[in-house]
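Asks: Sending over a structure as structure tokens; questions will come in a sec.
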Amino acid sequence: MKLNHDLVGTLGGIRRGIEKETLRTTKRGTLAQTPHPKSLGAALTHPFITTDFAEAQLELITPAFTDKLKMFELLASLHHFVATELPQGETLWAGSLPPVLPNDDDITIAQYGTSNAAQMKMKYRRGLANRYGKRMQTISGIHYNFSFPEVFWQQLHAHENSEHAAV
């Protein structure tokens, strides 16, 4: 494809965000059995800090940024805040594969409360536990969200002379 400067000019509008999962563990490397710390905010409604599958599995979420540095600064700030607010004796597990895990029966599915939205999230996780097992669901990772700006797609369609639906 021939370089199209109009198309390349749209790339400054690329948006990126990160969702990073990690486990709260004891200093012995076992899964923390404590509830989601209240000092981190409500897992159901906090915009940046929640739980993923398990009660001990934190998820740090950045909004989508066009400025990569701001995205990484927020993620670092979230990490620092969480590290300072963890209960005494707990730490964040750095690896994606979990540490020493208890039996499935001893892994608590994330608890979100009694609202309908909370109950739906917990029901979904119970289904995952039944289908794949709780231990499998504690594998943590990073989701890198990446999206081109709408003007990029418009320019690409124009450049390629392709048909596209009106936005």
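Numbering starts fresh at 1 for the residues of each chain in the structure tokens, the chains themselves are lettered A, B, ... in the order given, and ligands are numbered from 1 as they appear.
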Which residues are close to A:Arg28, i.e. within 10 Å by only C-alpha atoms, leaving aside same-chain residues fewer than 4 positions away? Reply as a PDB file with C-alpha atoms, in the first residue's frame.

Replies:
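Everything below was put into around.pdb:
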ATOM      1  CA  ALA A  32      -4.740 -14.219  50.332  1.00  0.00           C
ATOM      2  CA  GLY A  89       1.354  -9.265  55.354  1.00  0.00           C
ATOM      3  CA  GLU A  90      -0.073  -9.196  51.817  1.00  0.00           C
ATOM      4  CA  THR A  91       1.746  -8.481  48.582  1.00  0.00           C
ATOM      5  CA  PRO A  99       1.415 -18.945  43.352  1.00  0.00           C
ATOM      6  CA  VAL A 100       0.655 -21.893  45.597  1.00  0.00           C
TER       7      VAL A 100
END

Asks: Produce a table with one row for each residue of stretch 21-77 of chain A that has an atom at most 12 Å from any atom of stretch 106-130 of chain A, each row naming the nearest atom pair and its distance in Å at one decimal; use only C-alpha atoms; arrange rows by chain and rising residue number; format as JSON lines.

Replies:
{"residue": "A:Leu23", "atom": "CA", "partner": "A:Ile107", "partner_atom": "CA", "distance": 11.8}
{"residue": "A:Thr30", "atom": "CA", "partner": "A:Ile107", "partner_atom": "CA", "distance": 11.1}
{"residue": "A:Leu31", "atom": "CA", "partner": "A:Ile107", "partner_atom": "CA", "distance": 8.2}
{"residue": "A:Ala32", "atom": "CA", "partner": "A:Ile107", "partner_atom": "CA", "distance": 9.3}
{"residue": "A:Gln33", "atom": "CA", "partner": "A:Thr108", "partner_atom": "CA", "distance": 7.7}
{"residue": "A:Thr34", "atom": "CA", "partner": "A:Thr108", "partner_atom": "CA", "distance": 9.4}
{"residue": "A:Pro35", "atom": "CA", "partner": "A:Gln111", "partner_atom": "CA", "distance": 8.2}
{"residue": "A:His36", "atom": "CA", "partner": "A:Gln111", "partner_atom": "CA", "distance": 8.2}
{"residue": "A:Pro37", "atom": "CA", "partner": "A:Gln111", "partner_atom": "CA", "distance": 11.6}
{"residue": "A:Lys38", "atom": "CA", "partner": "A:Tyr112", "partner_atom": "CA", "distance": 11.9}
{"residue": "A:Gly41", "atom": "CA", "partner": "A:Tyr112", "partner_atom": "CA", "distance": 11.3}
{"residue": "A:Ala42", "atom": "CA", "partner": "A:Tyr112", "partner_atom": "CA", "distance": 7.8}
{"residue": "A:Ala43", "atom": "CA", "partner": "A:Tyr112", "partner_atom": "CA", "distance": 6.3}
{"residue": "A:Leu44", "atom": "CA", "partner": "A:Tyr112", "partner_atom": "CA", "distance": 5.4}
{"residue": "A:Thr45", "atom": "CA", "partner": "A:Tyr112", "partner_atom": "CA", "distance": 9.0}
{"residue": "A:His46", "atom": "CA", "partner": "A:Tyr112", "partner_atom": "CA", "distance": 11.2}
{"residue": "A:Thr50", "atom": "CA", "partner": "A:Ala110", "partner_atom": "CA", "distance": 9.4}
{"residue": "A:Thr51", "atom": "CA", "partner": "A:Ala110", "partner_atom": "CA", "distance": 6.3}
{"residue": "A:Asp52", "atom": "CA", "partner": "A:Ala110", "partner_atom": "CA", "distance": 6.8}
{"residue": "A:Phe53", "atom": "CA", "partner": "A:Ala110", "partner_atom": "CA", "distance": 5.7}
{"residue": "A:Ala54", "atom": "CA", "partner": "A:Ile109", "partner_atom": "CA", "distance": 4.3}
{"residue": "A:Glu55", "atom": "CA", "partner": "A:Ala110", "partner_atom": "CA", "distance": 3.8}
{"residue": "A:Ala56", "atom": "CA", "partner": "A:Ala110", "partner_atom": "CA", "distance": 7.5}
{"residue": "A:Gln57", "atom": "CA", "partner": "A:Ala110", "partner_atom": "CA", "distance": 7.9}
{"residue": "A:Leu58", "atom": "CA", "partner": "A:Ala110", "partner_atom": "CA", "distance": 9.5}
{"residue": "A:Glu59", "atom": "CA", "partner": "A:Ala110", "partner_atom": "CA", "distance": 11.3}

Asks: What lies within 12 Å of stretch 4-10 of chain A using only C-alpha atoms, ignoring chain neighbours under 5 positions off, as a list in words?

Replies: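 Everything that qualifies: Arg15, Thr66, Ser147, Phe148, Pro149, Glu150, Val151, Phe152, Trp153, Gln154, Gln155, Leu156, His157, Ala158, His159 and Glu160 of chain A.
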
Asks: Which neighbours of A:Ile61 fall inside 6 Å, counting only C-alpha atoms, when residues of the same chain fewer than 2 positions from it are skipped, and could you give them as a ChimeraX atom specification?

Replies: /A:18-19,48

Asks: Using DSSP secondary structure from the backbone, list all helix (DSSP H, G or I) positions within stretch 34-155 of chain A, as a ChimeraX atom specification.

Replies: /A:38-40,68-85,104-106,116-132,134-137,150-155

Asks: Can I get the selection written as a PDB file, in the first residue's frame, with C-alpha atoms?

Replies:
ATOM      1  CA  LYS A  38     -12.293  -1.571  51.749  1.00  0.00           C
ATOM      2  CA  SER A  39      -9.494   1.002  51.423  1.00  0.00           C
ATOM      3  CA  LEU A  40      -9.317   0.191  47.678  1.00  0.00           C
ATOM      4  CA  LYS A  68       0.942   6.602  26.279  1.00  0.00           C
ATOM      5  CA  LEU A  69       2.948   8.263  29.054  1.00  0.00           C
ATOM      6  CA  LYS A  70      -0.225   9.331  30.868  1.00  0.00           C
ATOM      7  CA  MET A  71      -1.561   5.779  30.616  1.00  0.00           C
ATOM      8  CA  PHE A  72       1.617   4.324  32.166  1.00  0.00           C
ATOM      9  CA  GLU A  73       1.750   7.070  34.820  1.00  0.00           C
ATOM     10  CA  LEU A  74      -1.798   6.238  35.925  1.00  0.00           C
ATOM     11  CA  LEU A  75      -1.029   2.502  35.999  1.00  0.00           C
ATOM     12  CA  ALA A  76       2.081   3.167  38.139  1.00  0.00           C
ATOM     13  CA  SER A  77       0.042   5.404  40.432  1.00  0.00           C
ATOM     14  CA  LEU A  78      -2.622   2.708  40.814  1.00  0.00           C
ATOM     15  CA  HIS A  79       0.060   0.123  41.630  1.00  0.00           C
ATOM     16  CA  HIS A  80       1.594   2.407  44.248  1.00  0.00           C
ATOM     17  CA  PHE A  81      -1.780   3.155  45.831  1.00  0.00           C
ATOM     18  CA  VAL A  82      -2.769  -0.522  45.973  1.00  0.00           C
ATOM     19  CA  ALA A  83       0.619  -1.563  47.387  1.00  0.00           C
ATOM     20  CA  THR A  84       0.308   0.980  50.212  1.00  0.00           C
ATOM     21  CA  GLU A  85      -3.286  -0.043  51.010  1.00  0.00           C
ATOM     22  CA  ASP A 104     -10.962 -25.003  44.318  1.00  0.00           C
ATOM     23  CA  ASP A 105     -13.326 -25.065  47.316  1.00  0.00           C
ATOM     24  CA  ASP A 106     -11.034 -22.638  49.144  1.00  0.00           C
ATOM     25  CA  ASN A 116     -28.766  -7.102  40.669  1.00  0.00           C
ATOM     26  CA  ALA A 117     -25.574  -6.035  38.861  1.00  0.00           C
ATOM     27  CA  ALA A 118     -23.461  -7.589  41.621  1.00  0.00           C
ATOM     28  CA  GLN A 119     -25.430 -10.832  41.542  1.00  0.00           C
ATOM     29  CA  MET A 120     -25.064 -11.087  37.748  1.00  0.00           C
ATOM     30  CA  LYS A 121     -21.281 -10.653  37.965  1.00  0.00           C
ATOM     31  CA  MET A 122     -21.066 -13.335  40.649  1.00  0.00           C
ATOM     32  CA  LYS A 123     -23.354 -15.721  38.723  1.00  0.00           C
ATOM     33  CA  TYR A 124     -21.129 -15.317  35.649  1.00  0.00           C
ATOM     34  CA  ARG A 125     -18.069 -16.215  37.736  1.00  0.00           C
ATOM     35  CA  ARG A 126     -19.808 -19.261  39.229  1.00  0.00           C
ATOM     36  CA  GLY A 127     -20.409 -20.410  35.647  1.00  0.00           C
ATOM     37  CA  LEU A 128     -16.706 -19.975  34.840  1.00  0.00           C
ATOM     38  CA  ALA A 129     -15.807 -21.928  37.971  1.00  0.00           C
ATOM     39  CA  ASN A 130     -18.111 -24.777  36.955  1.00  0.00           C
ATOM     40  CA  ARG A 131     -16.898 -24.813  33.371  1.00  0.00           C
ATOM     41  CA  TYR A 132     -13.135 -24.368  33.841  1.00  0.00           C
ATOM     42  CA  LYS A 134     -11.462 -21.916  39.951  1.00  0.00           C
ATOM     43  CA  ARG A 135      -7.711 -22.529  39.846  1.00  0.00           C
ATOM     44  CA  MET A 136      -7.621 -22.000  36.078  1.00  0.00           C
ATOM     45  CA  GLN A 137      -9.451 -18.688  36.449  1.00  0.00           C
ATOM     46  CA  GLU A 150     -12.828   6.956  13.642  1.00  0.00           C
ATOM     47  CA  VAL A 151     -11.130   9.351  11.218  1.00  0.00           C
ATOM     48  CA  PHE A 152      -8.483   6.675  10.542  1.00  0.00           C
ATOM     49  CA  TRP A 153     -11.160   4.257   9.337  1.00  0.00           C
ATOM     50  CA  GLN A 154     -12.782   6.944   7.220  1.00  0.00           C
ATOM     51  CA  GLN A 155      -9.435   7.815   5.602  1.00  0.00           C
TER      52      GLN A 155
END

Asks: How would you write, as a PyMOL selection string, the set of residues in stretch 7-122 of chain A that DSSP gives as strand (DSSP E or B)?

Replies: chain A and resi 15-26+30-31+49-51+54+57-61+65+90-92+100+109
